[in-house]
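*Asks:* Below is a structure I'd like to ask you about.
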Amino acid sequence: MKKALVFAGGGSKGAYQYGAWKALREEGESFDLAVGTSIGAINAGFYVQDDFEAAGEMWHELNPDSVMTNGMNFEKSLAALYEQRESIAPFLKTYFKDGAGADITPFLNCLKKYANEEKFFHSPVDYALLTVKSQGMQPLEILKKDIKPGYFVQWLNASCACFPAFPRCEIDGQMYVDGGYYDNLPILTALRMGSDDITAIDLRPEGNHPAYMHHPQVRYLKPSKDLGSFLCFDRQVLDSLIQLGYHDTLRFFGRVKGLNYFFDNSADQQSRRAPAARRFLRQINAAELMYESNRRSVLSRAARSAPFIKSLLSHLSGEGEDALFLAACELALSRTGAPDDKIYTFDSVRENLLTYYQEIRETVFFDLTAAAEAIEKRNEEKSRSLLSELKRNDPETEDYLIALLTRVLWDE
């Protein structure tokens, strides 16, 4: 069995793959082959070098000026560009010089610092990258055996040459551009090289190759949310991408649970949640029976379709009472504005929610409706301070659900 690790291209979004690699190491995963396109070719090269530490140093040092001369971030919003208005003129002057695109000399120097040919060529792990000949746009798979000593950084550059943003790469008189113009996630290359056990790390939530998500020989890891611009090297953004890649991969292996939040899923935490999850399900059943009896009519179909559970579907990941309980935690945490970039334990969820909803502590035990109304009022007051408010599917049942959840948590 030949195991392959495949990295997608995506510029600065490749920080996500470093976080995923960290989680794979913790899971004890190892591979015989690493394949990548563009930034994925660089991350794959680090894997072949067996140089997790060097990769970490590079990803933690990157910033706009270490990527390009007169560097700036290219985010998706006009506001972000406006904040960098003083940097635009110097960058454009460099960018349009000789029509070559951005001056990426700083990034090439960074690669020369961390790409270790001795480790690369002496590693037992095989390697391949994708690039494209600019003349005729001919795609090429460059295998480890094709790379001559002294050419490693040049071929990495050839795979990353996202023209016209970045200049084309010249190697021995031939010009090359980014391999992503042909295949941004080279799973097929890994198959062609004999792999029958592939772990692919994509950088698009929708996936570069959705069909491979169902391939029996492919484990397909992808982001749980959009990773933003591929040319944003803001330090805080890169750190958040590394964290997300780590957490998403832990979730893939079942070490954390959740849909939009991350919950510790160790055996200890499962045991800790179990009694509360059972009580919460009983509370939901009782609430739905009351809801149905108060709306008993041949015209009221909604009362017979589990309205409280229906309100949790957009937060639900998995099945069973534990999944339902965590969906309610997600709903409540999102209402409090709790950060979604950390791993929550049962106790940290409890502390967060009970602190936020402290004012309904007494009410929730003797007047659930009053508690739900207080929760709804608080949310409305909070929403008025925002520029916009996301539409809620069913405010009444959502507010009741949060009240039921806090009742269970206070009853611990």
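Following the order of the structure tokens, chains are lettered A, B, ..., residues in each are numbered from 1, and ligands are numbered from 1.
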Got a sec to tell me which of region 211-389 of chain A DSSP assigns to helix (DSSP H, G or I), as a ChimeraX atom specification?

*Replies:* /A:211-214,235-252,267-294,302-304,307-310,313-315,321-336,346-356,358-360,363-366,368-383

*Asks:* Counting only C-alpha atoms, what is within 12 Å of Ala54 (chain A), bar same-chain residues fewer than 3 positions away, as a list in words?

*Replies:* Tyr18, Ile42, Asn43, Gly45, Phe46, Tyr47, Val48, Gln49, Asp50, Asp51, Glu57, Met58, Trp59, His60, Glu61, Cys110, Leu111, Lys112, Lys113, Tyr114, Ala115, Asn116 and Lys119 of chain A

*Asks:* Neighbouring residues of Phe325 (chain A) were defined as those with any atom within 8 Å, considering only C-alpha atoms; residues of the same chain fewer than 3 positions away were excluded. Please report them as a list of chain:residue names.

*Replies:*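 Result of the neighbour search: A:Ala276, A:Ala277, A:Phe280, A:Leu281, A:Glu321, A:Asp322, A:Ala328, A:Cys329.
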
*Asks:* Could you check how far CA of Val218 (chain A) sits from CA of Ile147 (chain A), in Å to one decimal?

*Replies:*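 Between these atoms lies a distance of 27.1 Å.
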
*Asks:* Got a sec: who's within 7 Å of Asn63 (chain A), counting only C-alpha atoms, leaving out chain neighbours fewer than 2 positions off, as a list of chain:residue names?

*Replies:*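 Final neighbour list, sorted by chain and number: A:Glu61, A:Asp65, A:Ser66, A:Val67, A:Phe233, A:Asp234, A:Arg235.
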
*Asks:* I need the chosen residues saved as a PDB file, in the first residue's frame, with all heavy atoms.

*Replies:*
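What ended up in part-v5.pdb:
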```
ATOM      1  N   GLU A  61       6.712  33.298   9.907  1.00  0.00           N
ATOM      2  CA  GLU A  61       7.471  34.500   9.551  1.00  0.00           C
ATOM      3  C   GLU A  61       6.844  35.273   8.397  1.00  0.00           C
ATOM      4  O   GLU A  61       7.143  36.452   8.204  1.00  0.00           O
ATOM      5  CB  GLU A  61       8.908  34.116   9.153  1.00  0.00           C
ATOM      6  CG  GLU A  61       9.791  33.717  10.323  1.00  0.00           C
ATOM      7  CD  GLU A  61      11.199  33.340   9.878  1.00  0.00           C
ATOM      8  OE1 GLU A  61      11.535  33.588   8.682  1.00  0.00           O
ATOM      9  OE2 GLU A  61      11.954  32.809  10.704  1.00  0.00           O
ATOM     10  N   ASP A  65       5.664  41.869   3.326  1.00  0.00           N
ATOM     11  CA  ASP A  65       6.994  42.279   2.883  1.00  0.00           C
ATOM     12  C   ASP A  65       7.963  41.111   2.716  1.00  0.00           C
ATOM     13  O   ASP A  65       8.984  41.249   2.052  1.00  0.00           O
ATOM     14  CB  ASP A  65       7.583  43.295   3.874  1.00  0.00           C
ATOM     15  CG  ASP A  65       6.880  44.636   3.786  1.00  0.00           C
ATOM     16  OD1 ASP A  65       6.525  45.037   2.663  1.00  0.00           O
ATOM     17  OD2 ASP A  65       6.659  45.263   4.842  1.00  0.00           O
ATOM     18  N   SER A  66       7.649  39.957   3.324  1.00  0.00           N
ATOM     19  CA  SER A  66       8.508  38.791   3.125  1.00  0.00           C
ATOM     20  C   SER A  66       8.071  37.979   1.913  1.00  0.00           C
ATOM     21  O   SER A  66       8.693  36.978   1.573  1.00  0.00           O
ATOM     22  CB  SER A  66       8.502  37.897   4.376  1.00  0.00           C
ATOM     23  OG  SER A  66       7.242  37.305   4.566  1.00  0.00           O
ATOM     24  N   VAL A  67       6.998  38.434   1.247  1.00  0.00           N
ATOM     25  CA  VAL A  67       6.508  37.763   0.041  1.00  0.00           C
ATOM     26  C   VAL A  67       6.842  38.554  -1.216  1.00  0.00           C
ATOM     27  O   VAL A  67       7.259  37.990  -2.226  1.00  0.00           O
ATOM     28  CB  VAL A  67       4.983  37.533   0.124  1.00  0.00           C
ATOM     29  CG1 VAL A  67       4.439  36.959  -1.179  1.00  0.00           C
ATOM     30  CG2 VAL A  67       4.663  36.614   1.288  1.00  0.00           C
ATOM     31  N   PHE A 233      -1.502  38.056   3.355  1.00  0.00           N
ATOM     32  CA  PHE A 233      -0.462  37.514   4.227  1.00  0.00           C
ATOM     33  C   PHE A 233      -0.427  38.232   5.568  1.00  0.00           C
ATOM     34  O   PHE A 233       0.603  38.297   6.226  1.00  0.00           O
ATOM     35  CB  PHE A 233       0.901  37.600   3.534  1.00  0.00           C
ATOM     36  CG  PHE A 233       1.019  36.679   2.352  1.00  0.00           C
ATOM     37  CD1 PHE A 233       0.656  37.105   1.086  1.00  0.00           C
ATOM     38  CD2 PHE A 233       1.453  35.379   2.511  1.00  0.00           C
ATOM     39  CE1 PHE A 233       0.749  36.252  -0.014  1.00  0.00           C
ATOM     40  CE2 PHE A 233       1.553  34.517   1.426  1.00  0.00           C
ATOM     41  CZ  PHE A 233       1.199  34.957   0.155  1.00  0.00           C
ATOM     42  N   ASP A 234      -1.586  38.770   5.959  1.00  0.00           N
ATOM     43  CA  ASP A 234      -1.710  39.385   7.277  1.00  0.00           C
ATOM     44  C   ASP A 234      -1.417  38.337   8.349  1.00  0.00           C
ATOM     45  O   ASP A 234      -1.927  37.210   8.289  1.00  0.00           O
ATOM     46  CB  ASP A 234      -3.126  39.950   7.448  1.00  0.00           C
ATOM     47  CG  ASP A 234      -3.358  40.521   8.830  1.00  0.00           C
ATOM     48  OD1 ASP A 234      -2.967  41.665   9.053  1.00  0.00           O
ATOM     49  OD2 ASP A 234      -3.929  39.795   9.679  1.00  0.00           O
ATOM     50  N   ARG A 235      -0.594  38.698   9.322  1.00  0.00           N
ATOM     51  CA  ARG A 235      -0.138  37.749  10.324  1.00  0.00           C
ATOM     52  C   ARG A 235      -1.303  37.119  11.086  1.00  0.00           C
ATOM     53  O   ARG A 235      -1.337  35.902  11.328  1.00  0.00           O
ATOM     54  CB  ARG A 235       0.814  38.457  11.290  1.00  0.00           C
ATOM     55  CG  ARG A 235       1.479  37.602  12.328  1.00  0.00           C
ATOM     56  CD  ARG A 235       2.460  36.623  11.735  1.00  0.00           C
ATOM     57  NE  ARG A 235       1.861  35.301  11.616  1.00  0.00           N
ATOM     58  CZ  ARG A 235       2.191  34.432  10.680  1.00  0.00           C
ATOM     59  NH1 ARG A 235       3.067  34.722   9.751  1.00  0.00           N
ATOM     60  NH2 ARG A 235       1.613  33.239  10.638  1.00  0.00           N
TER      61      ARG A 235
END
```

*Asks:* Enumerate, as a list in words, the complete set of residues in region 96-174 of chain A that a backbone-based DSSP assignment places in strand (DSSP E).

*Replies:*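 Put together, the selection reads Asp126, Tyr127, Ala128, Leu129, Leu130, Thr131, Val132, Lys133, Gln138, Pro139, Leu140, Glu141, Ile142, Leu143, Cys169, Glu170, Ile171 and Gln174 of chain A.
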
*Asks:* Restricting the output to all heavy atoms, write the selected residues as a compact mmCIF listing (two decimals), in the first residue's frame.

*Replies:*
```txt
# COMPACT_ATOMS: atom_id res chain seq x y z
N ASP A 126 8.75 9.91 -1.80
CA ASP A 126 8.75 10.37 -3.19
C ASP A 126 7.97 11.69 -3.30
O ASP A 126 7.27 12.10 -2.36
CB ASP A 126 8.13 9.31 -4.09
CG ASP A 126 8.61 9.41 -5.53
OD1 ASP A 126 9.39 10.35 -5.85
OD2 ASP A 126 8.22 8.55 -6.34
N TYR A 127 8.07 12.33 -4.47
CA TYR A 127 7.55 13.71 -4.60
C TYR A 127 7.18 14.00 -6.04
O TYR A 127 7.78 13.46 -6.98
CB TYR A 127 8.64 14.68 -4.15
CG TYR A 127 8.30 16.16 -4.32
CD1 TYR A 127 7.49 16.81 -3.40
CD2 TYR A 127 8.81 16.90 -5.38
CE1 TYR A 127 7.19 18.16 -3.52
CE2 TYR A 127 8.53 18.25 -5.52
CZ TYR A 127 7.71 18.88 -4.59
OH TYR A 127 7.42 20.21 -4.71
N ALA A 128 6.20 14.89 -6.20
CA ALA A 128 5.85 15.42 -7.52
C ALA A 128 5.17 16.77 -7.35
O ALA A 128 4.49 17.01 -6.35
CB ALA A 128 4.94 14.46 -8.28
N LEU A 129 5.38 17.65 -8.34
CA LEU A 129 4.68 18.92 -8.37
C LEU A 129 4.11 19.14 -9.76
O LEU A 129 4.55 18.50 -10.74
CB LEU A 129 5.59 20.07 -7.96
CG LEU A 129 6.84 20.38 -8.79
CD1 LEU A 129 6.53 21.17 -10.07
CD2 LEU A 129 7.84 21.18 -7.95
N LEU A 130 3.16 20.04 -9.86
CA LEU A 130 2.59 20.39 -11.15
C LEU A 130 2.98 21.81 -11.53
O LEU A 130 2.99 22.71 -10.69
CB LEU A 130 1.06 20.29 -11.13
CG LEU A 130 0.49 19.02 -11.78
CD1 LEU A 130 0.88 17.81 -10.96
CD2 LEU A 130 -1.02 19.12 -11.92
N THR A 131 3.30 22.00 -12.80
CA THR A 131 3.53 23.32 -13.36
C THR A 131 3.01 23.30 -14.80
O THR A 131 2.55 22.26 -15.28
CB THR A 131 5.01 23.72 -13.30
OG1 THR A 131 5.16 25.08 -13.73
CG2 THR A 131 5.88 22.82 -14.17
N VAL A 132 3.06 24.44 -15.46
CA VAL A 132 2.55 24.55 -16.83
C VAL A 132 3.55 25.33 -17.67
O VAL A 132 3.96 26.43 -17.28
CB VAL A 132 1.17 25.25 -16.86
CG1 VAL A 132 0.71 25.49 -18.30
CG2 VAL A 132 0.13 24.43 -16.10
N LYS A 133 3.96 24.77 -18.81
CA LYS A 133 4.78 25.51 -19.76
C LYS A 133 3.94 26.64 -20.34
O LYS A 133 2.86 26.40 -20.86
CB LYS A 133 5.25 24.60 -20.90
CG LYS A 133 6.48 23.77 -20.61
CD LYS A 133 6.94 23.06 -21.88
CE LYS A 133 8.19 22.24 -21.62
NZ LYS A 133 8.65 21.56 -22.86
N GLN A 138 1.17 23.86 -21.71
CA GLN A 138 1.30 22.41 -21.58
C GLN A 138 1.56 22.03 -20.13
O GLN A 138 2.58 22.41 -19.55
CB GLN A 138 2.45 21.90 -22.46
CG GLN A 138 2.70 20.40 -22.33
CD GLN A 138 3.94 19.95 -23.07
OE1 GLN A 138 4.56 20.74 -23.80
NE2 GLN A 138 4.32 18.69 -22.90
N PRO A 139 0.67 21.25 -19.51
CA PRO A 139 0.87 20.85 -18.10
C PRO A 139 1.99 19.83 -17.97
O PRO A 139 2.18 18.97 -18.84
CB PRO A 139 -0.47 20.26 -17.70
CG PRO A 139 -1.08 19.78 -18.98
CD PRO A 139 -0.61 20.73 -20.05
N LEU A 140 2.74 19.93 -16.88
CA LEU A 140 3.84 19.02 -16.62
C LEU A 140 3.79 18.51 -15.19
O LEU A 140 3.55 19.29 -14.27
CB LEU A 140 5.19 19.70 -16.84
CG LEU A 140 5.59 20.11 -18.27
CD1 LEU A 140 6.90 20.87 -18.21
CD2 LEU A 140 5.73 18.88 -19.15
N GLU A 141 4.02 17.23 -15.02
CA GLU A 141 4.25 16.65 -13.71
C GLU A 141 5.76 16.51 -13.54
O GLU A 141 6.41 15.77 -14.29
CB GLU A 141 3.58 15.28 -13.59
CG GLU A 141 2.07 15.33 -13.62
CD GLU A 141 1.44 13.95 -13.71
OE1 GLU A 141 2.15 13.00 -14.08
OE2 GLU A 141 0.24 13.84 -13.41
N ILE A 142 6.32 17.24 -12.59
CA ILE A 142 7.76 17.17 -12.33
C ILE A 142 7.97 16.26 -11.12
O ILE A 142 7.57 16.60 -10.00
CB ILE A 142 8.35 18.56 -12.07
CG1 ILE A 142 8.07 19.48 -13.27
CG2 ILE A 142 9.84 18.47 -11.81
CD1 ILE A 142 8.66 19.02 -14.58
N LEU A 143 8.58 15.10 -11.37
CA LEU A 143 8.80 14.13 -10.30
C LEU A 143 10.13 14.41 -9.61
O LEU A 143 10.98 15.14 -10.13
CB LEU A 143 8.79 12.71 -10.86
CG LEU A 143 7.60 12.33 -11.76
CD1 LEU A 143 7.69 10.85 -12.13
CD2 LEU A 143 6.28 12.64 -11.08
N CYS A 169 8.17 31.94 -14.37
CA CYS A 169 9.47 31.42 -13.91
C CYS A 169 10.24 30.85 -15.10
O CYS A 169 9.69 30.05 -15.88
CB CYS A 169 9.25 30.35 -12.86
SG CYS A 169 10.76 29.50 -12.33
N GLU A 170 11.48 31.24 -15.21
CA GLU A 170 12.32 30.73 -16.30
C GLU A 170 13.28 29.68 -15.77
O GLU A 170 13.99 29.90 -14.79
CB GLU A 170 13.12 31.86 -16.94
CG GLU A 170 14.00 31.38 -18.10
CD GLU A 170 14.80 32.49 -18.75
OE1 GLU A 170 14.61 33.67 -18.37
OE2 GLU A 170 15.63 32.17 -19.62
N ILE A 171 13.29 28.52 -16.43
CA ILE A 171 14.23 27.45 -16.10
C ILE A 171 14.85 26.96 -17.41
O ILE A 171 14.14 26.46 -18.29
CB ILE A 171 13.54 26.27 -15.37
CG1 ILE A 171 12.91 26.74 -14.06
CG2 ILE A 171 14.54 25.15 -15.10
CD1 ILE A 171 12.17 25.65 -13.31
N GLN A 174 13.16 28.03 -20.64
CA GLN A 174 11.73 27.76 -20.79
C GLN A 174 10.95 28.49 -19.69
O GLN A 174 11.36 28.49 -18.53
CB GLN A 174 11.47 26.26 -20.70
CG GLN A 174 10.00 25.87 -20.72
CD GLN A 174 9.32 26.21 -22.03
OE1 GLN A 174 9.76 25.80 -23.09
NE2 GLN A 174 8.26 26.99 -21.96
```

*Asks:* Need the shell around region 25-39 of chain A: protein/DNA/RNA residues with any atom at most 6 Å away, counting only C-alpha atoms. Skip same-chain ones fewer than 6 positions apart. Format as a list in words?

*Replies:*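 That gives Lys3, Ala4, Leu5, Val6, Phe7, Ala8, Gly9, Gly11, Gly14, Val125, Asp126, Tyr127, Ala128, Leu129, Leu130, Ser159, Cys160, Gly179 and Asn184 of chain A.
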
*Asks:* Using only C-alpha atoms, find the one residue out of A:Tyr344, A:Tyr357, A:Phe52, A:Phe120 that sits nearest to Gly258 (chain A).

*Replies:* A:Tyr344

*Asks:* Can you work out which one of A:Leu231, A:Ala102, A:Ile187, A:Ala371 has the shortest atom-to-atom distance to Arg219 (chain A), counting only C-alpha atoms?

*Replies:*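 The shortest atom-to-atom distance to Arg219 (chain A) comes from A:Ile187.
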
*Asks:* Rank A:Glu373, A:Glu412, A:Asp341, A:Asp103 by their smallest atom-to-atom distance to Ala274 (chain A), using only C-alpha atoms, and report the top residue only.

*Replies:*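 Under the stated criterion, the closest residue is A:Glu412.
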
*Asks:* Which residues are near Ile309 (chain A)? Cut-off 12 Å, only C-alpha atoms, ignore same chain within fewer than 4 positions. Put them as a VMD selection string.

*Replies:* chain A and resid 280 to 281 283 to 285 287 to 288 302 to 305 313 to 316 319 to 321 323 to 325 327 to 328 331 394 397 to 398 400 to 401

*Asks:* Write out, as a short mmCIF file (atom, residue, chain, number, x, y, z; two decimals), in the first residue's frame, the residues just selected, with N, CA and C atoms.

*Replies:*
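Listing of selection_12.cif after writing:
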```cif
data_model
loop_
_atom_site.label_atom_id
_atom_site.label_comp_id
_atom_site.auth_asym_id
_atom_site.auth_seq_id
_atom_site.Cartn_x
_atom_site.Cartn_y
_atom_site.Cartn_z
N PHE A 280 -31.43 17.20 28.38
CA PHE A 280 -31.84 18.18 27.37
C PHE A 280 -32.85 17.57 26.41
N LEU A 281 -32.63 16.31 26.00
CA LEU A 281 -33.58 15.66 25.10
C LEU A 281 -34.94 15.50 25.77
N GLN A 283 -36.15 17.50 28.00
CA GLN A 283 -36.72 18.85 28.03
C GLN A 283 -37.34 19.19 26.66
N ILE A 284 -36.65 18.82 25.59
CA ILE A 284 -37.17 19.09 24.24
C ILE A 284 -38.48 18.32 24.02
N ASN A 285 -38.49 17.04 24.39
CA ASN A 285 -39.71 16.24 24.21
C ASN A 285 -40.89 16.86 24.95
N ALA A 287 -41.22 20.00 25.85
CA ALA A 287 -41.57 21.28 25.23
C ALA A 287 -42.37 21.08 23.95
N GLU A 288 -42.02 20.04 23.19
CA GLU A 288 -42.74 19.81 21.93
C GLU A 288 -44.14 19.27 22.18
N ALA A 302 -47.30 22.39 11.59
CA ALA A 302 -45.96 22.65 12.13
C ALA A 302 -45.78 22.04 13.51
N ALA A 303 -46.86 21.97 14.28
CA ALA A 303 -46.77 21.45 15.64
C ALA A 303 -46.43 19.97 15.66
N ARG A 304 -46.68 19.27 14.54
CA ARG A 304 -46.44 17.84 14.51
C ARG A 304 -45.13 17.48 13.80
N SER A 305 -44.27 18.45 13.53
CA SER A 305 -43.04 18.18 12.77
C SER A 305 -41.79 18.52 13.59
N LEU A 313 -31.49 22.02 13.15
CA LEU A 313 -30.92 21.31 12.00
C LEU A 313 -29.76 22.05 11.36
N SER A 314 -29.82 23.39 11.33
CA SER A 314 -28.74 24.15 10.70
C SER A 314 -27.47 24.15 11.54
N HIS A 315 -27.55 23.63 12.76
CA HIS A 315 -26.37 23.54 13.63
C HIS A 315 -25.97 22.09 13.90
N LEU A 316 -26.71 21.14 13.30
CA LEU A 316 -26.55 19.73 13.63
C LEU A 316 -25.44 19.08 12.82
N GLU A 319 -25.66 12.37 14.48
CA GLU A 319 -26.93 11.90 14.99
C GLU A 319 -26.82 11.55 16.47
N GLY A 320 -27.97 11.41 17.10
CA GLY A 320 -28.00 11.02 18.50
C GLY A 320 -28.17 12.20 19.44
N GLU A 321 -28.38 11.88 20.71
CA GLU A 321 -28.66 12.93 21.68
C GLU A 321 -27.46 13.83 21.93
N ALA A 323 -25.23 14.74 19.65
CA ALA A 323 -25.19 15.68 18.51
C ALA A 323 -26.25 16.77 18.67
N LEU A 324 -27.42 16.39 19.16
CA LEU A 324 -28.49 17.37 19.37
C LEU A 324 -28.09 18.37 20.45
N PHE A 325 -27.49 17.88 21.50
CA PHE A 325 -27.04 18.75 22.59
C PHE A 325 -25.98 19.73 22.08
N ALA A 327 -25.56 20.74 19.04
CA ALA A 327 -26.20 21.69 18.13
C ALA A 327 -26.82 22.85 18.90
N ALA A 328 -27.43 22.54 20.04
CA ALA A 328 -28.00 23.60 20.88
C ALA A 328 -26.89 24.48 21.45
N LEU A 331 -25.87 26.84 18.70
CA LEU A 331 -26.86 27.91 18.56
C LEU A 331 -26.66 28.96 19.64
N ASP A 394 -36.57 30.46 13.11
CA ASP A 394 -37.76 30.46 13.96
C ASP A 394 -37.38 31.04 15.31
N THR A 397 -38.87 29.35 18.73
CA THR A 397 -38.35 28.07 19.18
C THR A 397 -36.86 28.16 19.51
N GLU A 398 -36.10 28.96 18.81
CA GLU A 398 -34.68 29.12 19.12
C GLU A 398 -34.48 29.69 20.52
N TYR A 400 -36.60 29.50 23.01
CA TYR A 400 -36.98 28.47 23.97
C TYR A 400 -35.87 27.43 24.12
N LEU A 401 -35.24 27.08 23.01
CA LEU A 401 -34.16 26.09 23.06
C LEU A 401 -33.00 26.56 23.94
#
```

*Asks:* Rounded to one decimal, what separation in Å do you get between CA of Ile343 (chain A) and CA of Gly19 (chain A)?

*Replies:* 14.3 Å

*Asks:* Have a look at A:Ile242, A:Lys13, A:Gln154, A:Pro64 and name the one nearest to Arg204 (chain A); count only C-alpha atoms.

*Replies:* A:Lys13

*Asks:* Can you tell me which residues surround Leu353 (chain A) at a distance of at most 9 Å, considering only C-alpha atoms, apart from same-chain residues fewer than 5 positions away, and format the answer as an NGL selection string?

*Replies:* :A and (329 or 332-333 or 336 or 348 or 358 or 406 or 409)

*Asks:* Any chance you could export the current selection's C-alpha atoms as a JSON list (two decimals), in the first residue's frame?

*Replies:*
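The result, stored in part30.json:
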```json
[["chain", "number", "residue", "atom", "x", "y", "z"],
["A", 329, "CYS", "CA", -24.62, 24.64, 22.31],
["A", 332, "ALA", "CA", -26.39, 29.45, 22.00],
["A", 333, "LEU", "CA", -22.67, 30.17, 21.52],
["A", 336, "THR", "CA", -23.35, 35.17, 22.52],
["A", 348, "SER", "CA", -16.04, 26.08, 29.08],
["A", 358, "GLN", "CA", -26.94, 35.16, 34.20],
["A", 406, "THR", "CA", -29.44, 26.97, 30.23],
["A", 409, "LEU", "CA", -26.68, 23.57, 32.47]]
```

*Asks:* What does the distance between CA of Ala44 (chain A) and CA of Lys145 (chain A) come to in Å, to one decimal place?

*Replies:*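 Separating CA of Ala44 (chain A) from CA of Lys145 (chain A) is a distance of 15.2 Å.
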